Every structure is written in C-alpha cells, then in structure tokens.
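What follows is the content of final09.pdb, which has PDB, C-alpha atoms:
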```pdb
ATOM      1  CA  MET W   1      10.912   5.974 -61.145
ATOM      2  CA  ARG W   2      12.337   4.800 -64.441
ATOM      3  CA  VAL W   3       9.637   3.484 -66.766
ATOM      4  CA  LEU W   4      10.134   1.711 -70.072
ATOM      5  CA  LEU W   5       7.021   2.129 -72.219
ATOM      6  CA  ILE W   6       6.587  -0.239 -75.151
ATOM      7  CA  GLY W   7       4.137   0.847 -77.852
ATOM      8  CA  ALA W   8       4.034   4.539 -76.973
ATOM      9  CA  ASN W   9       2.721   5.505 -80.411
ATOM     10  CA  GLY W  10      -0.372   3.307 -80.391
ATOM     11  CA  PHE W  11      -3.928   4.333 -79.567
ATOM     12  CA  LEU W  12      -3.553   3.460 -75.885
ATOM     13  CA  GLY W  13       0.192   4.025 -75.643
ATOM     14  CA  ARG W  14       0.028   7.702 -76.601
ATOM     15  CA  PHE W  15      -2.250   8.513 -73.684
ATOM     16  CA  VAL W  16      -0.268   6.343 -71.295
ATOM     17  CA  ALA W  17       2.848   8.284 -72.326
ATOM     18  CA  ASP W  18       1.083  11.602 -71.739
ATOM     19  CA  ARG W  19      -0.065  10.470 -68.313
ATOM     20  CA  LEU W  20       3.403   9.307 -67.292
ATOM     21  CA  LEU W  21       5.111  12.441 -68.613
ATOM     22  CA  ALA W  22       2.795  14.514 -66.427
ATOM     23  CA  ASP W  23       4.223  12.768 -63.363
ATOM     24  CA  PRO W  24       7.443  14.573 -62.373
ATOM     25  CA  ALA W  25       8.608  11.458 -60.537
ATOM     26  CA  VAL W  26       8.697   9.407 -63.751
ATOM     27  CA  GLN W  27      11.679   9.157 -66.067
ATOM     28  CA  LEU W  28      10.224   7.743 -69.286
ATOM     29  CA  THR W  29      11.913   5.837 -72.107
ATOM     30  CA  ALA W  30       9.870   4.764 -75.135
ATOM     31  CA  LEU W  31      10.705   1.596 -77.048
ATOM     32  CA  GLY W  32       9.000   0.726 -80.323
ATOM     33  CA  ARG W  33       9.231   0.053 -84.032
ATOM     34  CA  GLY W  34       8.789   3.674 -85.168
ATOM     35  CA  ASP W  35      11.463   6.265 -85.884
ATOM     36  CA  ASP W  36      10.175   8.521 -83.099
ATOM     37  CA  ALA W  37      10.767   5.939 -80.364
ATOM     38  CA  ASP W  38      13.719   6.581 -78.059
ATOM     39  CA  VAL W  39      14.901   3.069 -78.881
ATOM     40  CA  ARG W  40      13.873   1.116 -81.987
ATOM     41  CA  PHE W  41      13.117  -2.531 -81.340
ATOM     42  CA  ASP W  42      10.643  -4.984 -82.868
ATOM     43  CA  LEU W  43       9.407  -7.362 -80.187
ATOM     44  CA  ALA W  44       8.022  -9.793 -82.750
ATOM     45  CA  SER W  45      11.386 -10.349 -84.448
ATOM     46  CA  GLY W  46      13.972  -9.155 -81.930
ATOM     47  CA  SER W  47      15.736 -11.556 -79.606
ATOM     48  CA  PRO W  48      15.173 -11.696 -75.842
ATOM     49  CA  GLY W  49      18.937 -11.425 -75.378
ATOM     50  CA  ALA W  50      19.105  -8.060 -77.150
ATOM     51  CA  LEU W  51      16.225  -6.745 -75.084
ATOM     52  CA  THR W  52      17.855  -8.059 -71.901
ATOM     53  CA  ARG W  53      21.024  -6.115 -72.632
ATOM     54  CA  PHE W  54      18.975  -2.958 -73.090
ATOM     55  CA  LEU W  55      17.065  -3.561 -69.836
ATOM     56  CA  ASP W  56      20.317  -4.036 -67.959
ATOM     57  CA  ALA W  57      21.626  -0.767 -69.389
ATOM     58  CA  VAL W  58      18.506   1.319 -68.689
ATOM     59  CA  HIS W  59      17.513  -0.511 -65.486
ATOM     60  CA  PRO W  60      13.817   0.463 -65.410
ATOM     61  CA  GLY W  61      11.709  -0.105 -62.330
ATOM     62  CA  VAL W  62       8.575  -0.661 -64.418
ATOM     63  CA  VAL W  63       8.023  -1.978 -67.948
ATOM     64  CA  ILE W  64       4.636  -1.155 -69.506
ATOM     65  CA  ASN W  65       3.632  -3.030 -72.650
ATOM     66  CA  CYS W  66       0.979  -1.249 -74.736
ATOM     67  CA  ALA W  67       2.158  -2.769 -78.014
ATOM     68  CA  GLY W  68       0.152  -5.223 -80.068
ATOM     69  CA  ALA W  69      -2.082  -5.690 -83.096
ATOM     70  CA  THR W  70      -5.873  -5.616 -83.264
ATOM     71  CA  ARG W  71      -6.265  -6.614 -86.904
ATOM     72  CA  GLY W  72      -4.728  -9.104 -89.273
ATOM     73  CA  GLY W  73      -4.600 -12.833 -89.749
ATOM     74  CA  ALA W  74      -3.914 -15.362 -87.033
ATOM     75  CA  ARG W  75      -0.203 -15.440 -87.865
ATOM     76  CA  ASP W  76       0.288 -11.676 -87.524
ATOM     77  CA  LEU W  77      -1.829 -11.502 -84.373
ATOM     78  CA  THR W  78       0.186 -14.306 -82.823
ATOM     79  CA  ARG W  79       3.494 -12.653 -83.689
ATOM     80  CA  HIS W  80       2.590  -9.209 -82.381
ATOM     81  CA  ASN W  81       0.405 -10.170 -79.432
ATOM     82  CA  THR W  82       1.880 -13.439 -78.177
ATOM     83  CA  VAL W  83       5.431 -13.921 -79.427
ATOM     84  CA  ALA W  84       6.200 -10.288 -78.597
ATOM     85  CA  VAL W  85       5.044 -10.755 -75.008
ATOM     86  CA  ALA W  86       7.052 -13.970 -74.719
ATOM     87  CA  THR W  87      10.118 -11.911 -75.689
ATOM     88  CA  VAL W  88       9.362  -9.309 -73.001
ATOM     89  CA  CYS W  89       8.853 -11.936 -70.307
ATOM     90  CA  GLU W  90      12.009 -13.849 -71.190
ATOM     91  CA  ALA W  91      14.090 -10.668 -71.322
ATOM     92  CA  LEU W  92      12.813  -9.595 -67.920
ATOM     93  CA  ARG W  93      13.584 -13.015 -66.449
ATOM     94  CA  ARG W  94      17.151 -12.829 -67.737
ATOM     95  CA  SER W  95      17.683  -9.207 -66.725
ATOM     96  CA  GLY W  96      18.945  -8.099 -63.364
ATOM     97  CA  CYS W  97      16.727  -4.999 -63.345
ATOM     98  CA  GLY W  98      13.904  -6.657 -61.400
ATOM     99  CA  ALA W  99      11.332  -4.480 -63.153
ATOM    100  CA  ARG W 100       7.608  -4.773 -62.602
ATOM    101  CA  LEU W 101       5.605  -5.604 -65.761
ATOM    102  CA  VAL W 102       2.282  -3.958 -66.597
ATOM    103  CA  GLN W 103       0.751  -5.763 -69.573
ATOM    104  CA  LEU W 104      -2.292  -4.453 -71.429
ATOM    105  CA  GLY W 105      -4.719  -7.246 -72.165
ATOM    106  CA  CYS W 106      -8.250  -6.934 -73.504
ATOM    107  CA  GLY W 107     -11.832  -7.848 -72.779
ATOM    108  CA  ALA W 108     -11.886 -10.011 -75.925
ATOM    109  CA  GLU W 109      -9.956 -12.620 -73.932
ATOM    110  CA  TYR W 110     -13.204 -13.512 -72.170
ATOM    111  CA  GLY W 111     -15.250 -14.061 -75.310
ATOM    112  CA  PRO W 112     -19.079 -13.993 -75.308
ATOM    113  CA  SER W 113     -20.909 -13.573 -72.008
ATOM    114  CA  GLN W 114     -24.482 -13.899 -70.830
ATOM    115  CA  PRO W 115     -26.576 -10.785 -71.567
ATOM    116  CA  GLY W 116     -27.139  -8.808 -68.399
ATOM    117  CA  SER W 117     -24.088 -10.244 -66.629
ATOM    118  CA  SER W 118     -20.891  -8.543 -65.497
ATOM    119  CA  THR W 119     -17.680 -10.426 -66.256
ATOM    120  CA  ALA W 120     -15.287 -10.707 -63.319
ATOM    121  CA  GLU W 121     -11.638 -11.685 -63.435
ATOM    122  CA  ASP W 122     -12.343 -15.244 -62.309
ATOM    123  CA  ALA W 123     -14.539 -15.968 -65.344
ATOM    124  CA  VAL W 124     -13.257 -18.785 -67.552
ATOM    125  CA  PRO W 125     -11.910 -17.163 -70.753
ATOM    126  CA  ARG W 126     -13.441 -18.463 -73.982
ATOM    127  CA  PRO W 127     -12.248 -16.079 -76.698
ATOM    128  CA  GLY W 128     -14.338 -16.193 -79.839
ATOM    129  CA  GLY W 129     -11.703 -15.218 -82.401
ATOM    130  CA  PRO W 130      -7.963 -15.161 -83.162
ATOM    131  CA  TYR W 131      -7.446 -11.719 -81.638
ATOM    132  CA  GLY W 132      -8.812 -12.772 -78.264
ATOM    133  CA  VAL W 133      -6.908 -16.049 -78.427
ATOM    134  CA  SER W 134      -3.606 -14.268 -79.127
ATOM    135  CA  LYS W 135      -4.162 -11.841 -76.246
ATOM    136  CA  LEU W 136      -5.209 -14.604 -73.853
ATOM    137  CA  ALA W 137      -2.057 -16.544 -74.699
ATOM    138  CA  ALA W 138      -0.044 -13.428 -73.856
ATOM    139  CA  THR W 139      -1.842 -13.080 -70.524
ATOM    140  CA  GLU W 140      -1.092 -16.701 -69.657
ATOM    141  CA  LEU W 141       2.576 -16.159 -70.494
ATOM    142  CA  VAL W 142       2.709 -13.152 -68.162
ATOM    143  CA  LEU W 143       0.881 -14.904 -65.326
ATOM    144  CA  GLY W 144       3.125 -17.956 -65.616
ATOM    145  CA  SER W 145       6.375 -16.005 -65.900
ATOM    146  CA  GLY W 146       7.078 -15.686 -62.174
ATOM    147  CA  LEU W 147       7.571 -11.938 -62.653
ATOM    148  CA  ASP W 148       6.117  -9.128 -60.578
ATOM    149  CA  ALA W 149       3.359  -8.511 -63.112
ATOM    150  CA  VAL W 150      -0.206  -7.349 -63.584
ATOM    151  CA  VAL W 151      -2.436  -7.665 -66.657
ATOM    152  CA  LEU W 152      -5.041  -4.955 -67.231
ATOM    153  CA  ARG W 153      -7.885  -6.354 -69.312
ATOM    154  CA  VAL W 154      -9.141  -3.263 -71.137
ATOM    155  CA  PHE W 155     -12.646  -3.576 -72.516
ATOM    156  CA  SER W 156     -13.744  -1.300 -75.431
ATOM    157  CA  PRO W 157     -11.560   1.834 -75.438
ATOM    158  CA  ALA W 158     -13.006   5.038 -76.889
ATOM    159  CA  GLY W 159     -12.226   8.745 -76.992
ATOM    160  CA  PRO W 160      -9.734  10.934 -78.840
ATOM    161  CA  GLY W 161      -7.535   9.003 -81.215
ATOM    162  CA  THR W 162     -10.091   6.233 -81.752
ATOM    163  CA  PRO W 163      -9.011   4.474 -84.974
ATOM    164  CA  ALA W 164     -11.106   5.438 -87.983
ATOM    165  CA  GLY W 165     -11.497   1.746 -88.836
ATOM    166  CA  SER W 166     -13.085   0.844 -85.498
ATOM    167  CA  PRO W 167     -16.899   0.633 -85.220
ATOM    168  CA  LEU W 168     -17.185   3.972 -83.389
ATOM    169  CA  GLY W 169     -14.682   5.551 -85.777
ATOM    170  CA  ARG W 170     -16.594   4.303 -88.816
ATOM    171  CA  LEU W 171     -19.857   5.505 -87.312
ATOM    172  CA  ALA W 172     -18.455   9.003 -86.832
ATOM    173  CA  GLU W 173     -17.091   9.032 -90.381
ATOM    174  CA  ALA W 174     -20.441   7.938 -91.825
ATOM    175  CA  MET W 175     -22.190  10.698 -89.916
ATOM    176  CA  ARG W 176     -19.645  13.256 -91.111
ATOM    177  CA  ARG W 177     -20.222  12.228 -94.730
ATOM    178  CA  ALA W 178     -23.992  12.357 -94.280
ATOM    179  CA  MET W 179     -23.829  15.874 -92.842
ATOM    180  CA  GLN W 180     -21.411  17.025 -95.508
ATOM    181  CA  SER W 181     -23.651  15.782 -98.310
ATOM    182  CA  GLY W 182     -26.877  16.922 -96.662
ATOM    183  CA  ASP W 183     -28.341  13.441 -96.270
ATOM    184  CA  GLY W 184     -31.291  13.466 -93.891
ATOM    185  CA  GLU W 185     -31.274   9.717 -93.412
ATOM    186  CA  LEU W 186     -28.497   7.376 -92.333
ATOM    187  CA  LYS W 187     -28.909   3.615 -92.705
ATOM    188  CA  LEU W 188     -26.632   1.546 -90.502
ATOM    189  CA  GLY W 189     -26.254  -2.114 -89.704
ATOM    190  CA  GLY W 190     -25.118  -4.039 -86.667
ATOM    191  CA  LEU W 191     -26.117  -1.595 -83.938
ATOM    192  CA  GLY W 192     -27.543  -4.233 -81.617
ATOM    193  CA  ALA W 193     -24.260  -5.263 -79.979
ATOM    194  CA  GLN W 194     -23.655  -3.965 -76.456
ATOM    195  CA  ARG W 195     -20.165  -3.119 -75.276
ATOM    196  CA  ASP W 196     -18.480  -1.687 -72.195
ATOM    197  CA  PHE W 197     -16.841   1.514 -73.464
ATOM    198  CA  ILE W 198     -14.034   3.048 -71.433
ATOM    199  CA  ASP W 199     -12.312   6.317 -72.266
ATOM    200  CA  VAL W 200      -8.686   5.983 -73.282
ATOM    201  CA  ARG W 201      -7.668   8.642 -70.735
ATOM    202  CA  ASP W 202      -9.210   6.582 -67.968
ATOM    203  CA  VAL W 203      -7.236   3.601 -69.264
ATOM    204  CA  ALA W 204      -4.066   5.682 -68.988
ATOM    205  CA  ARG W 205      -4.922   6.532 -65.386
ATOM    206  CA  ALA W 206      -5.372   2.842 -64.642
ATOM    207  CA  VAL W 207      -1.993   1.994 -66.171
ATOM    208  CA  HIS W 208      -0.332   4.704 -64.102
ATOM    209  CA  ALA W 209      -2.009   3.405 -60.941
ATOM    210  CA  ALA W 210      -1.017  -0.177 -61.749
ATOM    211  CA  SER W 211       2.613   0.813 -62.257
ATOM    212  CA  LEU W 212       2.688   2.284 -58.746
ATOM    213  CA  SER W 213       0.791  -0.525 -57.046
ATOM    214  CA  ALA W 214       1.783  -3.991 -55.850
ATOM    215  CA  ALA W 215      -1.289  -5.621 -57.427
ATOM    216  CA  GLN W 216      -0.693  -8.769 -59.434
ATOM    217  CA  GLY W 217      -2.803 -11.038 -61.616
ATOM    218  CA  VAL W 218      -5.629  -9.847 -63.869
ATOM    219  CA  ILE W 219      -7.630  -6.638 -63.343
ATOM    220  CA  ASN W 220     -10.548  -5.520 -65.524
ATOM    221  CA  ILE W 221     -10.584  -1.952 -66.807
ATOM    222  CA  GLY W 222     -13.978  -0.831 -68.050
ATOM    223  CA  SER W 223     -16.876   1.440 -67.209
ATOM    224  CA  GLY W 224     -18.923  -1.353 -65.658
ATOM    225  CA  ARG W 225     -21.846  -0.528 -67.943
ATOM    226  CA  ALA W 226     -22.768  -2.045 -71.294
ATOM    227  CA  VAL W 227     -24.067   0.379 -73.921
ATOM    228  CA  ARG W 228     -25.881  -0.627 -77.089
ATOM    229  CA  LEU W 229     -24.209   0.638 -80.248
ATOM    230  CA  ARG W 230     -27.483   2.163 -81.391
ATOM    231  CA  ASP W 231     -27.546   4.248 -78.199
ATOM    232  CA  ALA W 232     -23.952   5.311 -78.810
ATOM    233  CA  ALA W 233     -25.015   6.325 -82.332
ATOM    234  CA  ALA W 234     -27.844   8.428 -80.897
ATOM    235  CA  ILE W 235     -25.440  10.180 -78.508
ATOM    236  CA  LEU W 236     -23.004  10.794 -81.353
ATOM    237  CA  ALA W 237     -25.775  12.299 -83.477
ATOM    238  CA  ARG W 238     -26.710  14.628 -80.625
ATOM    239  CA  VAL W 239     -23.183  15.890 -80.002
ATOM    240  CA  ALA W 240     -22.618  16.245 -83.763
ATOM    241  CA  GLY W 241     -25.844  18.162 -84.261
ATOM    242  CA  TYR W 242     -27.032  15.679 -86.883
ATOM    243  CA  GLY W 243     -30.741  16.272 -87.454
ATOM    244  CA  GLY W 244     -31.446  13.373 -89.773
ATOM    245  CA  ALA W 245     -32.916   9.974 -89.025
ATOM    246  CA  LEU W 246     -30.960   6.892 -88.072
ATOM    247  CA  HIS W 247     -32.325   3.656 -89.536
ATOM    248  CA  GLU W 248     -31.064   0.247 -88.505
ATOM    249  CA  LEU W 249     -30.765  -2.181 -91.380
ATOM    250  CA  ASP W 250     -30.952  -5.193 -89.075
ATOM    251  CA  GLY W 251     -32.708  -3.697 -86.053
ATOM    252  CA  PRO W 252     -36.310  -2.898 -85.128
ATOM    253  CA  PRO W 253     -38.297  -1.185 -87.878
ATOM    254  CA  GLY W 254     -38.499   2.547 -88.115
ATOM    255  CA  PRO W 255     -36.072   5.406 -87.451
ATOM    256  CA  LEU W 256     -34.980   6.493 -84.005
ATOM    257  CA  ARG W 257     -37.009   9.682 -84.399
ATOM    258  CA  SER W 258     -37.027  10.619 -80.733
ATOM    259  CA  THR W 259     -33.313  11.306 -80.635
ATOM    260  CA  ILE W 260     -32.183  11.760 -84.219
ATOM    261  CA  GLY W 261     -34.973  13.630 -85.989
ATOM    262  CA  HIS W 262     -36.929  12.778 -89.135
ATOM    263  CA  PRO W 263     -35.846  11.246 -92.442
ATOM    264  CA  ARG W 264     -35.668  13.086 -95.699
ATOM    265  CA  ALA W 265     -38.047  11.295 -98.040
ATOM    266  CA  ASP W 266     -35.814  11.396-101.094
ATOM    267  CA  SER W 267     -32.686  10.109 -99.363
ATOM    268  CA  ASP W 268     -31.347   6.671-100.050
ATOM    269  CA  HIS W 269     -27.994   6.956 -98.312
ATOM    270  CA  VAL W 270     -26.554   3.716 -96.972
ATOM    271  CA  ALA W 271     -23.383   3.942 -94.904
ATOM    272  CA  PRO W 272     -20.957   1.005 -94.887
ATOM    273  CA  VAL W 273     -20.485   1.217 -91.153
ATOM    274  CA  ALA W 274     -21.228  -0.030 -87.652
ATOM    275  CA  TYR W 275     -21.119  -3.759 -87.861
ATOM    276  CA  PRO W 276     -20.563  -5.295 -84.422
ATOM    277  CA  TYR W 277     -17.111  -5.221 -82.959
ATOM    278  CA  PRO W 278     -15.010  -7.925 -84.642
ATOM    279  CA  ASP W 279     -13.798  -9.123 -81.256
ATOM    280  CA  GLY W 280     -15.589 -12.451 -81.037
ATOM    281  CA  CYS W 281     -17.573 -11.321 -77.987
ATOM    282  CA  GLY W 282     -21.079 -11.758 -79.334
ATOM    283  CA  SER W 283     -23.922  -9.424 -78.479
ATOM    284  CA  TRP W 284     -23.012  -8.457 -74.910
ATOM    285  CA  GLN W 285     -20.008  -7.557 -72.813
ATOM    286  CA  GLN W 286     -19.836  -5.733 -69.498
ATOM    287  CA  ALA W 287     -16.945  -5.607 -67.044
ATOM    288  CA  ASP W 288     -17.044  -6.147 -63.329
ATOM    289  CA  VAL W 289     -14.631  -3.403 -62.230
ATOM    290  CA  ARG W 290     -14.677  -3.866 -58.469
ATOM    291  CA  THR W 291     -11.144  -5.289 -58.434
ATOM    292  CA  ALA W 292      -9.753  -2.134 -60.072
ATOM    293  CA  ARG W 293     -11.505  -0.050 -57.439
ATOM    294  CA  ASP W 294     -10.309  -2.169 -54.527
ATOM    295  CA  ARG W 295      -6.726  -2.905 -55.633
ATOM    296  CA  LEU W 296      -5.806   0.160 -57.683
ATOM    297  CA  GLY W 297      -8.046   2.815 -56.150
ATOM    298  CA  TRP W 298      -9.244   3.480 -59.711
ATOM    299  CA  ARG W 299     -12.660   4.462 -61.021
ATOM    300  CA  PRO W 300     -13.665   5.698 -64.485
ATOM    301  CA  ARG W 301     -14.195   9.456 -64.644
ATOM    302  CA  ILE W 302     -15.035  10.286 -68.249
ATOM    303  CA  ASN W 303     -18.525   9.469 -69.515
ATOM    304  CA  LEU W 304     -19.344   8.104 -72.946
ATOM    305  CA  GLU W 305     -20.826  11.383 -74.167
ATOM    306  CA  GLU W 306     -17.490  13.140 -73.656
ATOM    307  CA  SER W 307     -15.630  10.288 -75.356
ATOM    308  CA  LEU W 308     -17.971  10.435 -78.352
ATOM    309  CA  ALA W 309     -17.728  14.231 -78.523
ATOM    310  CA  ASP W 310     -13.962  13.898 -78.871
ATOM    311  CA  ILE W 311     -14.340  11.198 -81.533
ATOM    312  CA  TRP W 312     -16.700  13.493 -83.408
ATOM    313  CA  MET W 313     -14.382  16.501 -83.122
ATOM    314  CA  GLU W 314     -11.611  14.544 -84.848
ATOM    315  CA  ALA W 315     -13.940  13.141 -87.530
ATOM    316  CA  ALA W 316     -15.389  16.592 -88.244
ATOM    317  CA  CYS W 317     -11.910  18.013 -88.819
ATOM    318  CA  ARG W 318     -11.114  15.510 -91.579
ATOM    319  CA  ILE W 319     -11.221  16.839 -95.098
TER     320      ILE W 319
END
```
Reformat the file's structure so that it appears as structure tokens.
Amino acid sequence: MRVLLIGANGFLGRFVADRLLADPAVQLTALGRGDDADVRFDLASGSPGALTRFLDAVHPGVVINCAGATRGGARDLTRHNTVAVATVCEALRRSGCGARLVQLGCGAEYGPSQPGSSTAEDAVPRPGGPYGVSKLAATELVLGSGLDAVVLRVFSPAGPGTPAGSPLGRLAEAMRRAMQSGDGELKLGGLGAQRDFIDVRDVARAVHAASLSAAQGVINIGSGRAVRLRDAAAILARVAGYGGALHELDGPPGPLRSTIGHPRADSDHVAPVAYPYPDGCGSWQQADVRTARDRLGWRPRINLEESLADIWMEAACRI
C-alpha cells in the first residue's frame, strides 16, 4: 500500500510515520515544508494543480494529512488548517489516483460541552475559538468533497513529544525548574479544566486503522474519560518524584498534600504555567469513542500515567 503522509514532522505526524514504517506492507512517502521531507510542498501556498501532478506520479492509495497549526492568529490558522485542506481535497478530486483521505481533525471543533457528558460525532459543533473554527471548516470541506474520506477528531493528545508550550508541557517544565531549584512549593493556575487526554501512540494506531478501513465521516479519537488538570499535575508529581506541595492559585484553598507532600514555609515560587487549554472548549470535554471501537476496531491502550511519565522524561533531560 502506497501512503502519502503530509505533516510527518509534526507532533502527531512523527508517530504516525513510525507506525506506518513498522508495517511492511506500507510504502511511505512524506510530503511537507521541511528539508527532511521526501517532497517539499507548502499546502497553504502551493497550487492544487502542482499537488495533482505529484499525486498522479506517485499514485498513492491513501493520503494522510497530519499537517496544520495549533497557534497563531485567525489568518495563519485559516491558511494552514483550512486553505491547506482545500488544496488537498481539490488535488485529490483532479487526480486519477483515487486515493483515500484520512484527515486529522480535533476535539476543539465541538467547542464547550456539558460537564459530565460524552460528546458523540453527531453533536452540533460550536467551536469556541479560531483554532476550532479553522479545523471545523477543514472537516466540512473533507466531508463535502465527495472523496473516500474519514476525519479523525483527536481530543487532547499527550505523551512523548508533547510540545513544551502546551499546558502539560508547561506543567512538566515548571516542575522540573522547581525540583532543580529545590522549591518545596509550586503555585499553579488554571488546573480546574477537564480534558480527554489520549496518548499520541494510540492516535497513530487509530490513523493506521483508519487508513486500512472503509469507514467514512467523522470518528472521535480519545480515551473516553475526562481528567482534571489538577489530577494530571498530581500524577506528574508522583512519576517525577516531586515531594513539594502543589497550590492552585484559582482552585480550592490549601495544597494537595495527600498526593504531593508538604510545602516549604519559606518558598514563594510561582510558576507561569497550566492555564486551561486555549482551545475554546471551556471547563469540560470528554469523547464518546464507541464509533472508533465499532468501525475501526480501535481502543486506547496507553494510560495517562505512562503518557505523563514520558512527558516528564523529556522535560527532565532538558538543560
């Protein structure tokens, strides 16, 4: 099976590439903006015609799009998340390769949801920010393209390679600095948000399964369980061996002594970290993942503690 992977050097794309390369039946070609891509091409500025000519030459059976932007202004997000996908769809329509498209969407397309609820694929999307809007527009382009296509709505990815600027990445960095400086107290804000974390390696397994399946439409990829950021912080402290106290600047009074330890009286360390995910999803998000189970035969395998341990291992190795 010939697979064209777009965005192989991104957080998700790297693990998707690893998963595909482990399949001896896959012949992989990577397309992207970086020098290490097999083919250099910028979806946001390149023409559909140029991409069509490449598709006709390579003739992939599956095109997987992991490219996109998570930060930036509305203009940049639109270019990299929406215009880029429009280019892919138009090129595939013009091409004679007949490739299947696997597009990576995101849970931010849904926007805020009712606390305690699980969001299924038939929920009406109401994205709460420009990132979610740009990704939802891309999903609508894919669904309306007439192509053999599936959109995987990935909720909150975690694990090795988690960007240092993400909430979990910033939390790990703050804890590393506290341990390095001997601070016995860590003050953090914004730990009340609850998110559905899914390990990036499980996401890669889902992409692989989707590329082999005949499933179409939208499929949620998550753990099916919302976790409060303060609980994720407690797990991270445990795997890191941090013995200090974790104080929430905007949470209930008092340290989380039962899991983190006791504060050092003379510490006044405040970490600029852990504000809620800037995804416009409010205080709660949890995926209904039954469709992934039924249509892809996929279930998450890696628990949050393992994901956080890998995030910590990378943070601890930074100088």
| field | Selected residue, from W:Arg228, W:Arg19, W:Arg238, W:Arg318, that lies nearest to His208 in chain W when counting all atoms listed in the file | value |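 Smallest separation from His208 in chain W among the options: W:Arg19.
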| What's the 12 Å shell around Thr29 in chain W, counting all atoms listed in the file, without same-chain residues fewer than 3 positions away, as an MDAnalysis selection string? | chainID W and resid 1:8 17 20:21 26 32 36:40 54:55 58:64
| field | Residue nearest Gly222 in chain W among W:Arg100, W:His247, W:Arg153, W:Arg177 (counting only C-alpha atoms) | value |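 Under the stated criterion, the closest residue is W:Arg153.
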Please put the answer as AutoDock Vina command-line options: centre and edge lengths, in Å with one decimal, of a box along x, y and z that encloses all listed atoms of range 91-108 of chain W plus 3 Å on each side.
```
--center_x 3.5 --center_y -8.5 --center_z -68.7 --size_x 36.8 --size_y 15.1 --size_z 20.5
```
| request: Identify, on the basis of all atoms listed in the file, every residue whose closest approach to Leu12 in chain W does not exceed 9 Å; exclude the query and any residue fewer than 2 positions from it along the same chain; express the result as a PyMOL selection string. | output: chain W and resi 7-10+14-17+66-67+157+161+200-201+203-204
| request: Can you work out the spacing between CA of Ala209 in chain W and CA of Pro167 in chain W in Å, to one decimal? | output: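 Value for the CA of Ala209 in chain W-CA of Pro167 in chain W distance: 28.6 Å.
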| What's the 8 Å shell around range 68-71 of chain W, counting only C-alpha atoms, without same-chain residues fewer than 3 positions away, as a list of chain:residue names? |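 These residues fall inside the cut-off: W:Gly7, W:Asp76, W:Leu77, W:His80, W:Asn81, W:Tyr131.
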| task | Measure the distance from CA of Ser211 in chain W to CA of Ala287 in chain W in Å and round it to one decimal. | result |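 The value is 21.1 Å.
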| Which one of W:Leu186, W:Ser113, W:Ser307, W:Cys317 sits closest to Ala226 in chain W if you count all atoms listed in the file? | W:Ser113
Running the PyMOL selection byres ((chain W and resi 108) around 12) on this model by hand, what would come out? Give it as a compact mmCIF listing (two decimals) with C-alpha atoms, in the coordinates of the input.
```txt
# COMPACT_ATOMS: atom_id res chain seq x y z
CA THR W 70 -5.87 -5.62 -83.26
CA LEU W 104 -2.29 -4.45 -71.43
CA GLY W 105 -4.72 -7.25 -72.17
CA CYS W 106 -8.25 -6.93 -73.50
CA GLY W 107 -11.83 -7.85 -72.78
CA GLU W 109 -9.96 -12.62 -73.93
CA TYR W 110 -13.20 -13.51 -72.17
CA GLY W 111 -15.25 -14.06 -75.31
CA PRO W 112 -19.08 -13.99 -75.31
CA SER W 113 -20.91 -13.57 -72.01
CA THR W 119 -17.68 -10.43 -66.26
CA PRO W 125 -11.91 -17.16 -70.75
CA ARG W 126 -13.44 -18.46 -73.98
CA PRO W 127 -12.25 -16.08 -76.70
CA GLY W 128 -14.34 -16.19 -79.84
CA GLY W 129 -11.70 -15.22 -82.40
CA PRO W 130 -7.96 -15.16 -83.16
CA TYR W 131 -7.45 -11.72 -81.64
CA GLY W 132 -8.81 -12.77 -78.26
CA VAL W 133 -6.91 -16.05 -78.43
CA SER W 134 -3.61 -14.27 -79.13
CA LYS W 135 -4.16 -11.84 -76.25
CA LEU W 136 -5.21 -14.60 -73.85
CA ALA W 137 -2.06 -16.54 -74.70
CA THR W 139 -1.84 -13.08 -70.52
CA ARG W 153 -7.88 -6.35 -69.31
CA VAL W 154 -9.14 -3.26 -71.14
CA PHE W 155 -12.65 -3.58 -72.52
CA SER W 156 -13.74 -1.30 -75.43
CA PRO W 157 -11.56 1.83 -75.44
CA ARG W 195 -20.16 -3.12 -75.28
CA ASP W 196 -18.48 -1.69 -72.19
CA ASN W 220 -10.55 -5.52 -65.52
CA TYR W 277 -17.11 -5.22 -82.96
CA PRO W 278 -15.01 -7.92 -84.64
CA ASP W 279 -13.80 -9.12 -81.26
CA GLY W 280 -15.59 -12.45 -81.04
CA CYS W 281 -17.57 -11.32 -77.99
CA GLY W 282 -21.08 -11.76 -79.33
CA TRP W 284 -23.01 -8.46 -74.91
CA GLN W 285 -20.01 -7.56 -72.81
CA GLN W 286 -19.84 -5.73 -69.50
CA ALA W 287 -16.94 -5.61 -67.04
```
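Pairwise distance (CA of Gly49 in chain W, CA of Leu31 in chain W) equals 15.5 Å.
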| With all atoms listed in the file as the basis for distance, which of W:Asp202, W:Glu185, W:Asp23, W:Asp122 is at the shortest distance from Glu248 in chain W? |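 Among the listed residues, the smallest separation from Glu248 in chain W belongs to W:Glu185.
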| From W:Lys187, W:Arg53, W:Arg230, W:Arg75, residue lying nearest Gly96 in chain W [only C-alpha atoms] | W:Arg53
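Once the PyMOL selection byres ((chain W and resi 313) around 12) is applied to the depicted file, the selected set reads W:Gly159, W:Pro160, W:Gly161, W:Thr162, W:Gly169, W:Ala172, W:Glu173, W:Met175, W:Arg176, W:Leu236, W:Val239, W:Ala240, W:Gly241, W:Glu306, W:Ser307, W:Leu308, W:Ala309, W:Asp310, W:Ile311, W:Trp312, W:Glu314, W:Ala315, W:Ala316, W:Cys317, W:Arg318.
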| request: For Glu90 in chain W, list every protein, DNA or RNA residue within 9 Å, evaluated using only C-alpha atoms, and leave out those in the same chain fewer than 6 positions away; present the list as a VMD selection string. | output: chain W and resid 48 to 49 52 145
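Candidate residues W:Ile221, W:Ala25, W:Ala138, W:Leu51 were compared for distance to Thr78 in chain W, and the nearest is W:Ala138, using only C-alpha atoms.
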| request: Give me the residues within 8 Å of Gly217 in chain W as a list in words, counting only C-alpha atoms and dropping any in the same chain fewer than 2 places off. | output: Leu143, Ala149, Val150, Val151, Ala215 and Ile219 of chain W
